[in-house]
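This is my_file.txt (compact mmCIF, C-alpha atoms).
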```
# COMPACT_ATOMS: atom_id res chain seq x y z
CA MET A 702 0.00 0.00 0.00
CA LEU A 703 2.88 2.36 0.76
CA LEU A 704 4.40 1.72 -2.65
CA VAL A 705 1.06 2.35 -4.35
CA SER A 706 0.58 5.70 -2.61
CA MET A 707 4.18 6.71 -3.41
CA ALA A 708 3.68 5.78 -7.06
CA ILE A 709 0.44 7.77 -7.30
CA VAL A 710 2.05 10.91 -5.85
CA PHE A 711 5.15 10.44 -8.00
CA PHE A 712 3.21 10.25 -11.25
CA PHE A 713 0.94 13.13 -10.24
CA LEU A 714 3.91 15.43 -9.62
CA TYR A 715 5.70 14.20 -12.74
CA PHE A 716 2.81 14.98 -15.07
CA TYR A 717 2.00 18.20 -13.18
CA GLN A 718 5.57 19.34 -13.77
CA ILE A 719 5.38 18.53 -17.50
CA GLU A 720 2.06 20.37 -17.85
CA THR A 721 3.34 23.43 -15.94
CA ALA A 722 6.53 23.66 -18.03
CA ASN A 723 4.65 23.33 -21.32
CA THR A 724 2.11 25.96 -20.23
CA LEU A 725 4.90 28.45 -19.41
CA ARG A 726 6.57 27.71 -22.75
CA GLU A 727 3.35 28.30 -24.72
CA ASP A 728 2.61 31.51 -22.80
CA PHE A 729 6.09 32.89 -23.55
CA ILE A 730 5.82 32.07 -27.26
CA ARG A 731 2.39 33.68 -27.49
CA GLN A 732 3.44 36.83 -25.66
CA ASN A 733 6.75 37.24 -27.54
CA HIS A 734 5.91 35.96 -30.98
CA THR A 735 6.79 39.29 -32.66
CA GLU A 736 10.23 39.58 -31.07
CA LEU A 737 11.07 35.99 -31.97
CA THR A 738 10.00 36.22 -35.61
CA ARG A 739 11.65 39.62 -36.21
CA GLY A 740 14.88 38.66 -34.47
CA GLU A 741 14.78 41.58 -32.01
CA THR A 742 17.46 40.45 -29.56
CA TYR A 743 17.37 43.56 -27.35
CA LEU A 744 13.62 43.42 -26.74
CA LEU A 745 13.76 39.66 -26.25
CA THR A 746 16.46 40.14 -23.63
CA LYS A 747 14.21 42.48 -21.65
CA LYS A 748 11.30 40.00 -21.93
CA LEU A 749 13.49 37.14 -20.73
CA ALA A 750 14.64 39.22 -17.74
CA SER A 751 11.03 39.82 -16.79
CA PHE A 752 10.10 36.17 -17.45
CA SER A 753 12.98 34.95 -15.22
CA LYS A 754 11.40 36.60 -12.17
CA SER A 755 8.64 33.96 -12.13
CA PRO A 756 8.90 31.82 -8.97
CA LEU A 757 8.52 28.71 -11.15
CA VAL A 758 11.51 29.54 -13.38
CA LYS A 759 14.86 28.31 -12.11
CA CYS A 760 17.19 29.04 -15.03
CA VAL A 761 16.93 30.73 -18.47
CA PHE A 762 19.46 30.66 -21.30
CA GLY A 763 19.11 32.57 -24.57
CA TYR A 764 21.19 31.70 -27.65
CA ARG A 765 21.39 33.22 -31.11
CA GLY A 766 23.56 31.52 -33.67
CA GLY A 767 25.13 29.45 -30.91
CA LEU A 768 26.19 32.51 -28.89
CA VAL A 769 24.72 33.34 -25.48
CA PHE A 770 22.84 36.63 -25.39
CA TYR A 771 21.00 36.07 -22.08
CA GLU A 772 21.66 33.99 -18.96
CA GLU A 773 19.85 33.82 -15.61
CA LYS A 774 20.73 31.17 -12.99
CA LYS A 775 18.98 31.13 -9.63
CA ALA A 776 20.47 27.75 -8.66
CA SER A 777 22.07 24.68 -10.17
CA CYS A 778 20.52 24.03 -13.57
CA LYS A 779 20.17 20.26 -13.77
CA GLN A 780 17.11 18.51 -15.09
CA GLY A 781 15.61 15.99 -12.65
CA PHE A 782 12.41 14.84 -11.00
CA LEU A 783 11.64 18.30 -9.56
CA VAL A 784 13.08 20.27 -12.51
CA LYS A 785 11.81 20.11 -16.11
CA LYS A 786 13.60 21.66 -19.11
CA VAL A 787 11.71 23.03 -22.15
CA ASP A 788 13.13 24.59 -25.34
CA ILE A 789 11.86 27.41 -27.56
CA GLU A 790 13.39 27.44 -31.02
CA GLU A 791 12.99 29.92 -33.86
CA LYS A 792 15.01 28.56 -36.78
CA ASN A 793 14.78 31.55 -39.14
CA ASN A 794 16.52 33.86 -36.69
CA ARG A 795 18.49 31.05 -35.10
CA PHE A 796 17.02 31.65 -31.64
CA LEU A 797 17.20 28.92 -28.96
CA ILE A 798 15.84 29.56 -25.51
CA GLU A 799 16.22 26.99 -22.70
CA ILE A 800 13.92 27.29 -19.69
CA TYR A 801 14.29 25.21 -16.51
CA VAL A 802 11.04 25.03 -14.53
CA HIS A 803 10.74 23.63 -11.03
CA LEU A 804 7.79 22.77 -8.83
CA PRO A 805 6.27 25.43 -6.60
CA LYS A 806 7.95 25.52 -3.19
CA SER A 807 4.74 24.54 -1.44
CA LEU A 808 4.45 21.38 -3.57
CA SER A 809 8.15 20.54 -3.18
CA PHE A 810 7.93 20.96 0.58
CA GLY A 811 4.71 18.96 0.71
CA PHE A 812 6.31 16.16 -1.30
CA LEU A 813 9.29 16.10 1.08
CA ILE A 814 6.97 15.88 4.11
CA PHE A 815 5.00 13.12 2.38
CA CYS A 816 8.19 11.09 1.74
CA VAL A 817 9.31 11.46 5.36
CA PHE A 818 5.87 10.43 6.55
CA GLN A 819 5.89 7.37 4.28
CA VAL A 820 9.33 6.34 5.54
CA LEU A 821 8.14 6.62 9.14
CA ILE A 822 5.10 4.48 8.37
CA PHE A 823 7.33 1.90 6.69
CA LEU A 824 9.68 1.81 9.68
CA LEU A 825 6.78 1.39 12.10
CA PHE A 826 5.34 -1.38 9.93
CA PHE A 827 8.75 -3.07 9.68
CA ILE A 828 9.29 -2.93 13.45
CA SER A 829 5.79 -4.25 14.06
CA GLU A 830 6.26 -7.17 11.66
CA LYS A 831 9.70 -7.89 13.08
CA ASN A 832 8.25 -8.05 16.60
CA LYS A 833 5.53 -10.40 15.40
CA ILE A 834 8.11 -12.71 13.83
CA LEU A 835 10.31 -12.60 16.94
CA ASN A 836 7.33 -13.35 19.18
CA ALA A 837 6.28 -16.22 16.91
CA LEU A 838 9.82 -17.63 16.91
CA SER A 839 10.00 -17.29 20.68
CA ALA A 840 6.71 -19.16 21.03
CA GLU A 841 7.93 -21.90 18.67
CA VAL A 842 11.15 -22.29 20.66
CA LYS A 843 9.13 -22.64 23.87
CA TYR A 844 6.81 -25.20 22.27
CA ALA A 845 9.82 -27.11 20.91
CA ALA A 846 11.44 -27.19 24.35
CA PHE A 847 8.14 -28.26 25.88
CA ALA A 848 7.72 -31.01 23.28
CA LYS A 849 11.23 -32.32 23.95
CA GLN A 850 10.52 -32.36 27.69
CA VAL A 851 7.26 -34.23 27.17
CA ALA A 852 9.04 -36.70 24.87
CA HIS A 853 11.60 -37.29 27.60
CA ASP A 854 9.16 -37.56 30.52
CA ILE A 855 6.72 -39.89 28.77
CA ARG A 856 9.30 -42.56 27.93
CA SER A 857 9.24 -44.14 31.38
CA PRO A 858 5.44 -44.70 31.48
CA LEU A 859 5.61 -46.09 27.93
CA ALA A 860 8.36 -48.49 28.96
CA VAL A 861 6.14 -49.78 31.77
CA LEU A 862 3.22 -50.20 29.38
CA LYS A 863 5.38 -52.30 27.06
CA LEU A 864 5.80 -54.82 29.86
CA ASP A 865 2.03 -55.24 30.26
CA SER A 866 0.03 -57.67 28.18
CA LEU A 867 -1.61 -55.33 25.70
CA SER A 868 -3.90 -56.29 22.85
CA SER A 869 -2.55 -56.18 19.29
CA LYS A 870 -4.38 -52.89 18.80
CA GLY A 871 -2.86 -51.49 21.97
CA ARG A 872 0.57 -52.56 20.78
CA ARG A 873 0.09 -50.77 17.47
CA ILE A 874 -0.96 -47.56 19.25
CA LEU A 875 2.00 -47.85 21.60
CA ASP A 876 4.38 -48.31 18.66
CA ARG A 877 2.93 -45.21 16.99
CA LEU A 878 3.46 -43.17 20.16
CA GLU A 879 7.10 -44.24 20.26
CA LYS A 880 7.59 -43.26 16.61
CA ILE A 881 5.99 -39.87 17.26
CA LEU A 882 8.40 -39.33 20.14
CA GLU A 883 11.31 -40.21 17.87
CA ASP A 884 10.03 -37.75 15.30
CA ILE A 885 10.13 -34.92 17.85
CA GLN A 886 13.88 -35.33 18.33
CA PRO A 887 16.18 -32.78 16.64
CA GLU A 888 17.87 -35.48 14.56
CA ASN A 889 16.35 -38.06 12.26
CA LYS A 890 17.91 -40.95 14.17
CA LYS A 891 15.44 -43.39 12.68
CA HIS A 892 15.09 -42.70 8.98
CA HIS A 893 11.68 -42.36 7.40
CA GLN A 894 10.51 -45.48 5.63
CA PHE A 895 7.80 -46.12 3.06
CA VAL A 896 4.47 -47.85 3.66
CA ASP A 897 1.65 -48.82 1.31
CA LEU A 898 -1.20 -46.30 1.29
CA GLU A 899 -3.90 -48.93 1.91
CA VAL A 900 -2.10 -50.28 4.98
CA LEU A 901 -1.64 -46.77 6.35
CA LEU A 902 -5.31 -45.83 5.81
CA MET A 903 -6.62 -49.00 7.45
CA GLU A 904 -4.47 -48.35 10.53
CA VAL A 905 -5.71 -44.75 10.84
CA ILE A 906 -9.35 -45.76 10.33
CA ASP A 907 -9.05 -48.50 12.96
CA GLU A 908 -7.45 -46.10 15.43
CA ALA A 909 -10.10 -43.40 14.85
CA ALA A 910 -12.96 -45.90 15.21
CA SER A 911 -11.57 -47.07 18.55
CA PHE A 912 -10.98 -43.57 19.87
CA TYR A 913 -14.41 -42.21 18.92
CA LYS A 914 -16.16 -45.51 19.77
CA ILE A 915 -17.85 -45.88 16.41
CA ILE A 916 -18.24 -49.00 14.31
CA PRO A 917 -15.46 -49.28 11.71
CA THR A 918 -18.04 -49.76 8.93
CA ALA A 919 -19.15 -46.14 9.50
CA ILE A 920 -15.96 -45.22 7.66
CA LYS A 921 -15.89 -46.74 4.18
CA LEU A 922 -12.73 -46.95 2.10
CA ASP A 923 -12.80 -47.07 -1.69
CA ILE A 924 -9.25 -47.32 -3.06
CA SER A 925 -8.20 -48.05 -6.63
CA LYS A 926 -5.69 -50.78 -7.45
CA GLU A 927 -3.13 -48.21 -8.57
CA MET A 928 -3.36 -46.44 -5.22
CA ALA A 929 -3.41 -49.45 -2.90
CA HIS A 930 0.35 -49.98 -3.07
CA GLU A 931 1.37 -46.35 -3.55
CA PRO A 932 4.58 -45.93 -1.49
CA MET A 933 4.04 -43.25 1.15
CA VAL A 934 7.21 -41.76 2.53
CA ASP A 935 7.24 -40.61 6.16
CA PRO A 936 4.41 -42.79 7.57
CA ILE A 937 4.37 -40.74 10.78
CA GLY A 938 3.72 -37.53 8.88
CA TRP A 939 1.09 -39.14 6.65
CA ARG A 940 -0.72 -40.70 9.63
CA ARG A 941 -0.77 -37.27 11.26
CA VAL A 942 -2.22 -35.68 8.11
CA ILE A 943 -4.94 -38.27 7.53
CA SER A 944 -5.79 -38.47 11.25
CA ASN A 945 -6.22 -34.68 11.42
CA VAL A 946 -8.59 -34.62 8.46
CA LEU A 947 -10.47 -37.78 9.44
CA ASN A 948 -10.90 -36.65 13.06
CA ASN A 949 -12.34 -33.33 11.88
CA ALA A 950 -14.78 -35.21 9.65
CA ILE A 951 -15.89 -37.46 12.52
CA GLU A 952 -16.31 -34.55 14.94
CA SER A 953 -18.54 -32.73 12.44
CA HIS A 954 -21.28 -35.35 13.07
CA ARG A 955 -22.65 -33.80 16.24
CA GLU A 956 -26.30 -34.67 15.83
CA VAL A 957 -26.26 -37.37 13.14
CA PRO A 958 -24.65 -40.84 12.96
CA VAL A 959 -21.15 -40.89 11.58
CA ALA A 960 -21.04 -41.66 7.85
CA ILE A 961 -17.72 -41.06 6.10
CA ASN A 962 -16.48 -42.18 2.70
CA ILE A 963 -12.81 -42.15 1.75
CA PHE A 964 -12.02 -42.28 -1.98
CA CYS A 965 -8.51 -42.79 -3.32
CA LYS A 966 -7.79 -42.46 -7.02
CA VAL A 967 -5.12 -41.39 -9.49
CA SER A 968 -5.15 -39.04 -12.47
CA ASP A 969 -1.97 -39.26 -14.55
CA ASP A 970 0.88 -38.06 -12.30
CA ARG A 971 -1.31 -36.93 -9.38
CA ALA A 972 -2.92 -38.91 -6.57
CA PHE A 973 -6.05 -37.88 -4.65
CA ILE A 974 -7.51 -38.78 -1.28
CA LYS A 975 -11.02 -37.46 -0.69
CA ILE A 976 -12.62 -37.69 2.75
CA ILE A 977 -16.35 -36.95 2.49
CA ASP A 978 -18.54 -36.58 5.58
CA SER A 979 -22.24 -35.97 6.12
CA GLY A 980 -21.80 -33.70 9.13
CA GLU A 981 -22.57 -30.02 9.64
CA GLY A 982 -20.36 -28.91 6.76
CA ILE A 983 -18.29 -25.75 6.48
CA SER A 984 -19.09 -22.32 5.07
CA LYS A 985 -17.38 -21.15 1.87
CA LYS A 986 -15.71 -18.35 3.80
CA ASN A 987 -14.16 -20.72 6.35
CA ALA A 988 -13.26 -23.20 3.61
CA ARG A 989 -11.09 -20.55 1.93
CA ILE A 990 -8.99 -19.94 5.05
CA ALA A 991 -8.89 -23.52 6.36
CA GLY A 992 -5.30 -24.46 7.10
CA GLU A 993 -4.14 -20.92 7.82
CA LYS A 994 -2.40 -20.15 11.08
CA SER A 995 -4.69 -20.02 14.16
CA PHE A 996 -7.76 -20.99 12.09
CA THR A 997 -10.12 -23.35 13.90
CA TYR A 998 -13.76 -24.16 13.32
CA GLY A 999 -16.41 -25.73 15.52
CA LYS A 1000 -14.07 -26.49 18.45
CA GLU A 1001 -14.13 -24.51 21.68
CA LYS A 1002 -10.50 -25.28 22.53
CA GLY A 1003 -9.19 -25.75 19.00
CA ARG A 1004 -5.99 -23.96 18.00
CA GLY A 1005 -5.94 -24.83 14.31
CA LEU A 1006 -2.66 -26.76 14.56
CA GLY A 1007 -4.07 -29.87 12.88
CA LEU A 1008 -4.97 -28.36 9.52
CA LEU A 1009 -1.97 -26.01 9.67
CA SER A 1010 0.47 -28.93 10.02
CA THR A 1011 -1.46 -30.77 7.28
CA GLY A 1012 -0.94 -27.91 4.85
CA ASN A 1013 2.74 -27.50 5.77
CA PHE A 1014 3.43 -31.23 5.30
CA LEU A 1015 1.70 -31.37 1.91
CA ARG A 1016 3.42 -28.25 0.61
CA LYS A 1017 6.80 -29.80 1.43
CA ILE A 1018 6.06 -32.84 -0.76
CA ARG A 1019 4.63 -30.60 -3.54
CA GLY A 1020 1.05 -31.51 -2.63
CA SER A 1021 -2.01 -29.49 -1.65
CA PHE A 1022 -5.04 -29.54 0.63
CA LYS A 1023 -8.47 -27.98 0.32
CA ILE A 1024 -11.86 -28.39 1.94
CA TYR A 1025 -15.20 -27.33 0.53
CA PRO A 1026 -18.91 -27.69 1.45
CA LEU A 1027 -21.16 -30.12 -0.42
CA GLU A 1028 -24.46 -29.01 -1.93
CA SER A 1029 -26.56 -31.51 0.03
CA ARG A 1030 -24.91 -31.85 3.44
CA GLY A 1031 -21.42 -32.21 4.82
CA SER A 1032 -18.06 -31.35 3.35
CA CYS A 1033 -15.23 -32.83 1.32
CA ALA A 1034 -11.56 -32.63 2.30
CA GLU A 1035 -9.29 -33.26 -0.67
CA ILE A 1036 -5.62 -34.18 -0.40
CA GLU A 1037 -3.60 -34.06 -3.61
CA PHE A 1038 0.02 -35.12 -4.04
CA PRO A 1039 2.46 -36.33 -6.74
CA ARG A 1040 2.45 -40.05 -7.53
CA PHE A 1041 5.67 -41.71 -6.51
CA GLY A 1042 7.95 -42.74 -9.37
CA TYR A 1043 5.60 -41.66 -12.15
CA TYR A 1044 8.47 -39.91 -13.93
CA GLY A 1045 11.11 -42.39 -12.82
CA VAL A 1046 13.33 -43.05 -9.81
CA VAL A 1047 17.02 -42.13 -9.62
CA LEU A 1048 19.66 -43.35 -7.19
CA ILE A 1049 22.95 -41.45 -6.87
CA ASP A 1050 25.33 -43.75 -5.01
CA ASP A 1051 28.69 -45.41 -5.71
CA ASP A 1052 27.78 -48.73 -4.03
CA LYS A 1053 27.45 -51.14 -6.99
CA ASP A 1054 25.75 -53.89 -4.95
CA LEU A 1055 23.15 -51.41 -3.72
CA ILE A 1056 22.55 -50.17 -7.27
CA THR A 1057 22.00 -53.78 -8.41
CA LEU A 1058 19.44 -54.35 -5.62
CA TRP A 1059 17.51 -51.18 -6.54
CA GLU A 1060 17.64 -51.99 -10.24
CA LYS A 1061 16.36 -55.57 -9.94
CA SER A 1062 13.63 -54.79 -7.40
CA GLY A 1063 12.60 -51.65 -9.31
CA ARG A 1064 12.17 -53.66 -12.50
CA THR A 1065 9.97 -56.14 -10.63
CA ALA A 1066 7.87 -53.29 -9.20
CA ASN A 1067 7.50 -51.74 -12.69
CA TYR A 1068 9.42 -48.54 -11.92
CA HIS A 1069 11.63 -46.81 -14.47
CA PHE A 1070 14.93 -46.81 -12.59
CA SER A 1071 18.28 -45.18 -13.38
CA SER A 1072 21.46 -44.81 -11.35
CA PHE A 1073 24.57 -42.63 -11.26
CA GLN A 1074 27.78 -43.21 -9.33
CA SER A 1075 28.48 -39.51 -8.76
CA LEU A 1076 26.58 -36.25 -8.51
CA ASP A 1077 28.53 -34.74 -11.43
CA ASN A 1078 27.56 -37.63 -13.72
CA PHE A 1079 23.93 -37.08 -12.81
CA LEU A 1080 24.05 -33.31 -13.33
CA ASN A 1081 25.71 -33.78 -16.73
CA SER A 1082 23.01 -36.19 -17.88
CA SER A 1083 19.97 -35.01 -19.84
CA ALA A 1084 18.16 -38.36 -19.76
CA VAL A 1085 16.34 -37.84 -16.44
CA ASP A 1086 12.98 -36.09 -16.14
CA ARG A 1087 13.12 -33.09 -13.78
CA ARG A 1088 10.04 -34.46 -11.99
CA ALA A 1089 11.65 -37.80 -11.11
CA GLU A 1090 12.24 -38.92 -7.51
CA VAL A 1091 15.95 -38.49 -6.77
CA PHE A 1092 17.59 -40.47 -3.94
CA LEU A 1093 21.04 -39.22 -2.99
CA ASP A 1094 23.76 -40.50 -0.69
CA LEU A 1095 26.12 -37.88 0.73
CA ASN A 1096 29.06 -40.21 1.37
CA PHE A 1097 31.11 -41.24 -1.65
CA SER A 1098 34.49 -42.97 -1.85
CA GLY A 1099 37.06 -40.43 -0.83
CA HIS A 1100 34.76 -37.47 -0.22
CA LYS A 1101 31.53 -36.28 1.34
CA LEU A 1102 29.04 -33.95 -0.33
CA ASP A 1103 28.00 -30.70 1.34
CA ILE A 1104 24.25 -30.96 1.94
CA VAL A 1105 23.43 -27.27 1.33
CA ASP A 1106 25.58 -26.93 -1.79
CA THR A 1107 24.20 -30.20 -3.18
CA TYR A 1108 20.61 -29.07 -2.71
CA LYS A 1109 21.33 -25.78 -4.50
CA LYS A 1110 22.88 -27.56 -7.48
CA LEU A 1111 19.92 -29.94 -7.81
CA SER A 1112 17.21 -27.33 -7.29
CA LEU A 1113 18.79 -24.96 -9.83
CA ARG A 1114 18.53 -27.76 -12.39
CA GLY A 1115 14.81 -28.05 -11.62
CA TYR A 1116 14.80 -31.17 -9.41
CA ASN A 1117 12.48 -30.81 -6.41
CA ARG A 1118 11.54 -34.42 -5.52
CA LEU A 1119 14.69 -34.96 -3.46
CA PHE A 1120 15.41 -37.60 -0.81
CA LEU A 1121 18.52 -38.24 1.25
CA ALA A 1122 19.24 -41.98 1.11
CA THR A 1123 21.86 -42.43 3.81
CA GLY A 1124 22.55 -44.59 6.80
CA GLN A 1125 23.84 -41.65 8.82
CA PRO A 1126 21.78 -39.43 11.17
CA ILE A 1127 21.13 -36.02 9.63
CA PRO A 1128 20.26 -32.90 11.67
CA ARG A 1129 16.65 -31.95 11.02
CA ASP A 1130 17.40 -28.33 10.09
CA ALA A 1131 20.10 -29.41 7.60
CA ALA A 1132 17.70 -31.74 5.79
CA GLU A 1133 14.64 -29.46 5.82
CA ASN A 1134 14.81 -28.78 2.06
CA PHE A 1135 14.66 -32.48 1.24
CA ILE A 1136 11.34 -34.32 1.30
CA ALA A 1137 12.68 -36.93 3.73
CA VAL A 1138 15.74 -38.73 5.01
CA VAL A 1139 15.38 -42.42 4.17
CA GLY A 1140 17.47 -45.53 4.51
CA LYS A 1141 19.30 -47.49 1.85
CA GLU A 1142 16.45 -49.88 1.13
CA PRO A 1143 14.46 -49.39 -2.09
CA PRO A 1144 11.14 -47.66 -1.32
CA TRP A 1145 9.06 -50.30 -3.10
CA LEU A 1146 10.25 -53.21 -0.94
```

Can you give me the file's structure in the form of structure tokens?
Amino acid sequence: MLLVSMAIVFFFLYFYQIETANTLREDFIRQNHTELTRGETYLLTKKLASFSKSPLVKCVFGYRGGLVFYEEKKASCKQGFLVKKVDIEEKNNRFLIEIYVHLPKSLSFGFLIFCVFQVLIFLLFFISEKNKILNALSAEVKYAAFAKQVAHDIRSPLAVLKLDSLSSKGRRILDRLEKILEDIQPENKKHHQFVDLEVLLMEVIDEAASFYKIIPTAIKLDISKEMAHEPMVDPIGWRRVISNVLNNAIESHREVPVAINIFCKVSDDRAFIKIIDSGEGISKKNARIAGEKSFTYGKEKGRGLGLLSTGNFLRKIRGSFKIYPLESRGSCAEIEFPRFGYYGVVLIDDDKDLITLWEKSGRTANYHFSSFQSLDNFLNSSAVDRRAEVFLDLNFSGHKLDIVDTYKKLSLRGYNRLFLATGQPIPRDAAENFIAVVGKEPPWL
């Protein structure tokens, strides 16, 4: 908004200056037409002396045949934003008159005050935004410290629970809690693995049905064959995403029995998960801002973290999330993300045995697989689609790649489906630009 107002004032003054200078030029020509056409230098000199007294005129130069016959300089005569130069030329008598016109002092002073005022507003806005960012960062640091403390304190009770005779369902929930605690740690000590989409969905549905005490058949799953075995990297993150959306759908059925349909399908290189409920629905206005920070809907103590984390996770993997009301009743939450391996899978590693394993298993799983034994060989190749999944090891014989420099090289070439395939722990902040840190095993096994 500040830039818009500055631009409006700038153009107003610019065109005002042009119009003022041209008006003065035309007035002088009209009033001194006789002197100019007759070549009366003496009379023209007197007229220029009178004309120079105008508060709008800064400098005047009169030439005849290239020689100066009149000169008046009130200040430095340089053309700029506040000073406009106009010429009057009479070719028959070889007259050339240069007039430098500046803005009225009141306008110049007003423009200066306006600029200072705009700068002050900008500084206040900048300080305000900076404080907001600092406060947000401070809050995130506190939450992170709190999360680490919770992760530490809860390990002992979980260890005791593991000794009890839990049901198979209880064991699964306990295992998920342990994986969530691992995920909170600052380093990816346990690398993300892949899991089939159908397996992941069935686990989340079973967990939600138990928690909300509803019959599992109230949540129906319709998944295509192509989607059933879609490899989903970072099962913890995906369970969190689907649980957030599914839980919201269940909680929308306040006065009616729960009835939810989950549809999974593919369309070329994109995959879709649609979770449709028959609950209270959502307004179009709220649907547009769903997933934004602090947005919550229909929950007294909700903080909007669920949908916010869902959006952040999907953006990282080049996916998207939207929710919209249905015409009859209820709403539809749609998750869209790239299909794994649709444009091929690449492994950059100098371990020949590992390359053979990936190549054979990839052929069996019907993936187009290619490998390179160095990053330079890969970057010099033009045979790989920029949308392919790229798995990269950082440790090569005799040297280790710099993670930041490597990411820059790959992203500049247009590769954005990047995974770190390494057996070493990677600090979370160092690997944040990569989709995930995974192990050495092929993702389709």

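A straight line drawn from CA of Phe1041 (chain A) to CA of Asp923 (chain A) is 19.8 Å long.
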
Got a sec: who's within 12 Å of Gly1031 (chain A), counting only C-alpha atoms, leaving out chain neighbours fewer than 3 positions off, as JSON, numbers by chain?
-> {"A": [949, 950, 951, 952, 953, 954, 955, 957, 959, 960, 961, 962, 976, 977, 978, 979, 980, 981, 982, 983, 984, 1024, 1025, 1026, 1027, 1028, 1034]}

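CA of Ile1036 (chain A) is positioned 14.8 Å from CA of Leu922 (chain A).
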
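Residue nearest Leu1058 (chain A), chosen from A:Pro1143, A:Gly938, A:Pro805, A:Gly811 and counting all atoms listed in the file: A:Pro1143.
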
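As for CA of Lys1023 (chain A) and CA of Phe964 (chain A), they are spaced 14.9 Å apart.
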
Quick one: residues within 9 Å of region 753-757 of chain A, all atoms listed in the file counted, chain neighbours fewer than 2 positions away excluded, as number ranges by chain?
-> A: 721-722, 748-751, 759-761, 773-774, 800-806

Can I get the selected residues back with C-alpha atoms, as a short mmCIF file (atom, residue, chain, number, x, y, z; two decimals), in the frame of the given file?
```
data_model
loop_
_atom_site.label_atom_id
_atom_site.label_comp_id
_atom_site.auth_asym_id
_atom_site.auth_seq_id
_atom_site.Cartn_x
_atom_site.Cartn_y
_atom_site.Cartn_z
CA THR A 721 3.34 23.43 -15.94
CA ALA A 722 6.53 23.66 -18.03
CA LYS A 748 11.30 40.00 -21.93
CA LEU A 749 13.49 37.14 -20.73
CA ALA A 750 14.64 39.22 -17.74
CA SER A 751 11.03 39.82 -16.79
CA LYS A 759 14.86 28.31 -12.11
CA CYS A 760 17.19 29.04 -15.03
CA VAL A 761 16.93 30.73 -18.47
CA GLU A 773 19.85 33.82 -15.61
CA LYS A 774 20.73 31.17 -12.99
CA ILE A 800 13.92 27.29 -19.69
CA TYR A 801 14.29 25.21 -16.51
CA VAL A 802 11.04 25.03 -14.53
CA HIS A 803 10.74 23.63 -11.03
CA LEU A 804 7.79 22.77 -8.83
CA PRO A 805 6.27 25.43 -6.60
CA LYS A 806 7.95 25.52 -3.19
#
```

Phe1073 (chain A) environment, 12 Å, all atoms listed in the file, sequence neighbours closer than 6 positions dropped, as a PDB file with C-alpha atoms, keeping the file's coordinate frame:
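Okay, this is what ended up in selection-v2.pdb:
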```
ATOM      1  CA  VAL A1046      13.330 -43.050  -9.810  1.00  0.00           C
ATOM      2  CA  VAL A1047      17.020 -42.130  -9.620  1.00  0.00           C
ATOM      3  CA  LEU A1048      19.660 -43.350  -7.190  1.00  0.00           C
ATOM      4  CA  ILE A1049      22.950 -41.450  -6.870  1.00  0.00           C
ATOM      5  CA  ASP A1050      25.330 -43.750  -5.010  1.00  0.00           C
ATOM      6  CA  ASP A1051      28.690 -45.410  -5.710  1.00  0.00           C
ATOM      7  CA  ASP A1052      27.780 -48.730  -4.030  1.00  0.00           C
ATOM      8  CA  LYS A1053      27.450 -51.140  -6.990  1.00  0.00           C
ATOM      9  CA  LEU A1055      23.150 -51.410  -3.720  1.00  0.00           C
ATOM     10  CA  ILE A1056      22.550 -50.170  -7.270  1.00  0.00           C
ATOM     11  CA  THR A1057      22.000 -53.780  -8.410  1.00  0.00           C
ATOM     12  CA  GLU A1060      17.640 -51.990 -10.240  1.00  0.00           C
ATOM     13  CA  PHE A1079      23.930 -37.080 -12.810  1.00  0.00           C
ATOM     14  CA  LEU A1080      24.050 -33.310 -13.330  1.00  0.00           C
ATOM     15  CA  ASN A1081      25.710 -33.780 -16.730  1.00  0.00           C
ATOM     16  CA  SER A1082      23.010 -36.190 -17.880  1.00  0.00           C
ATOM     17  CA  ALA A1084      18.160 -38.360 -19.760  1.00  0.00           C
ATOM     18  CA  VAL A1085      16.340 -37.840 -16.440  1.00  0.00           C
ATOM     19  CA  VAL A1091      15.950 -38.490  -6.770  1.00  0.00           C
ATOM     20  CA  PHE A1092      17.590 -40.470  -3.940  1.00  0.00           C
ATOM     21  CA  LEU A1093      21.040 -39.220  -2.990  1.00  0.00           C
ATOM     22  CA  ASP A1094      23.760 -40.500  -0.690  1.00  0.00           C
ATOM     23  CA  PHE A1097      31.110 -41.240  -1.650  1.00  0.00           C
TER      24      PHE A1097
END
```

Any idea what's packed within 10 Å of Tyr913 (chain A), counting all atoms listed in the file, ignoring anything in its chain fewer than 3 positions away? Could you give it as JSON, numbers by chain?
-> {"A": [908, 909, 910, 916, 948, 951, 952]}

Would you mind exporting the chosen residues as a PDB file, in the frame of the given file, restricted to C-alpha atoms?
```pdb
ATOM      1  CA  GLU A 908      -7.450 -46.100  15.430  1.00  0.00           C
ATOM      2  CA  ALA A 909     -10.100 -43.400  14.850  1.00  0.00           C
ATOM      3  CA  ALA A 910     -12.960 -45.900  15.210  1.00  0.00           C
ATOM      4  CA  ILE A 916     -18.240 -49.000  14.310  1.00  0.00           C
ATOM      5  CA  ASN A 948     -10.900 -36.650  13.060  1.00  0.00           C
ATOM      6  CA  ILE A 951     -15.890 -37.460  12.520  1.00  0.00           C
ATOM      7  CA  GLU A 952     -16.310 -34.550  14.940  1.00  0.00           C
TER       8      GLU A 952
END
```

Phe1014 (chain A) environment, 10 Å, all atoms listed in the file, sequence neighbours closer than 6 positions dropped, as a list in words | Gly938, Trp939, Arg941, Val942, Leu1008, Gly1020, Ser1021, Phe1022 and Ile1136 of chain A
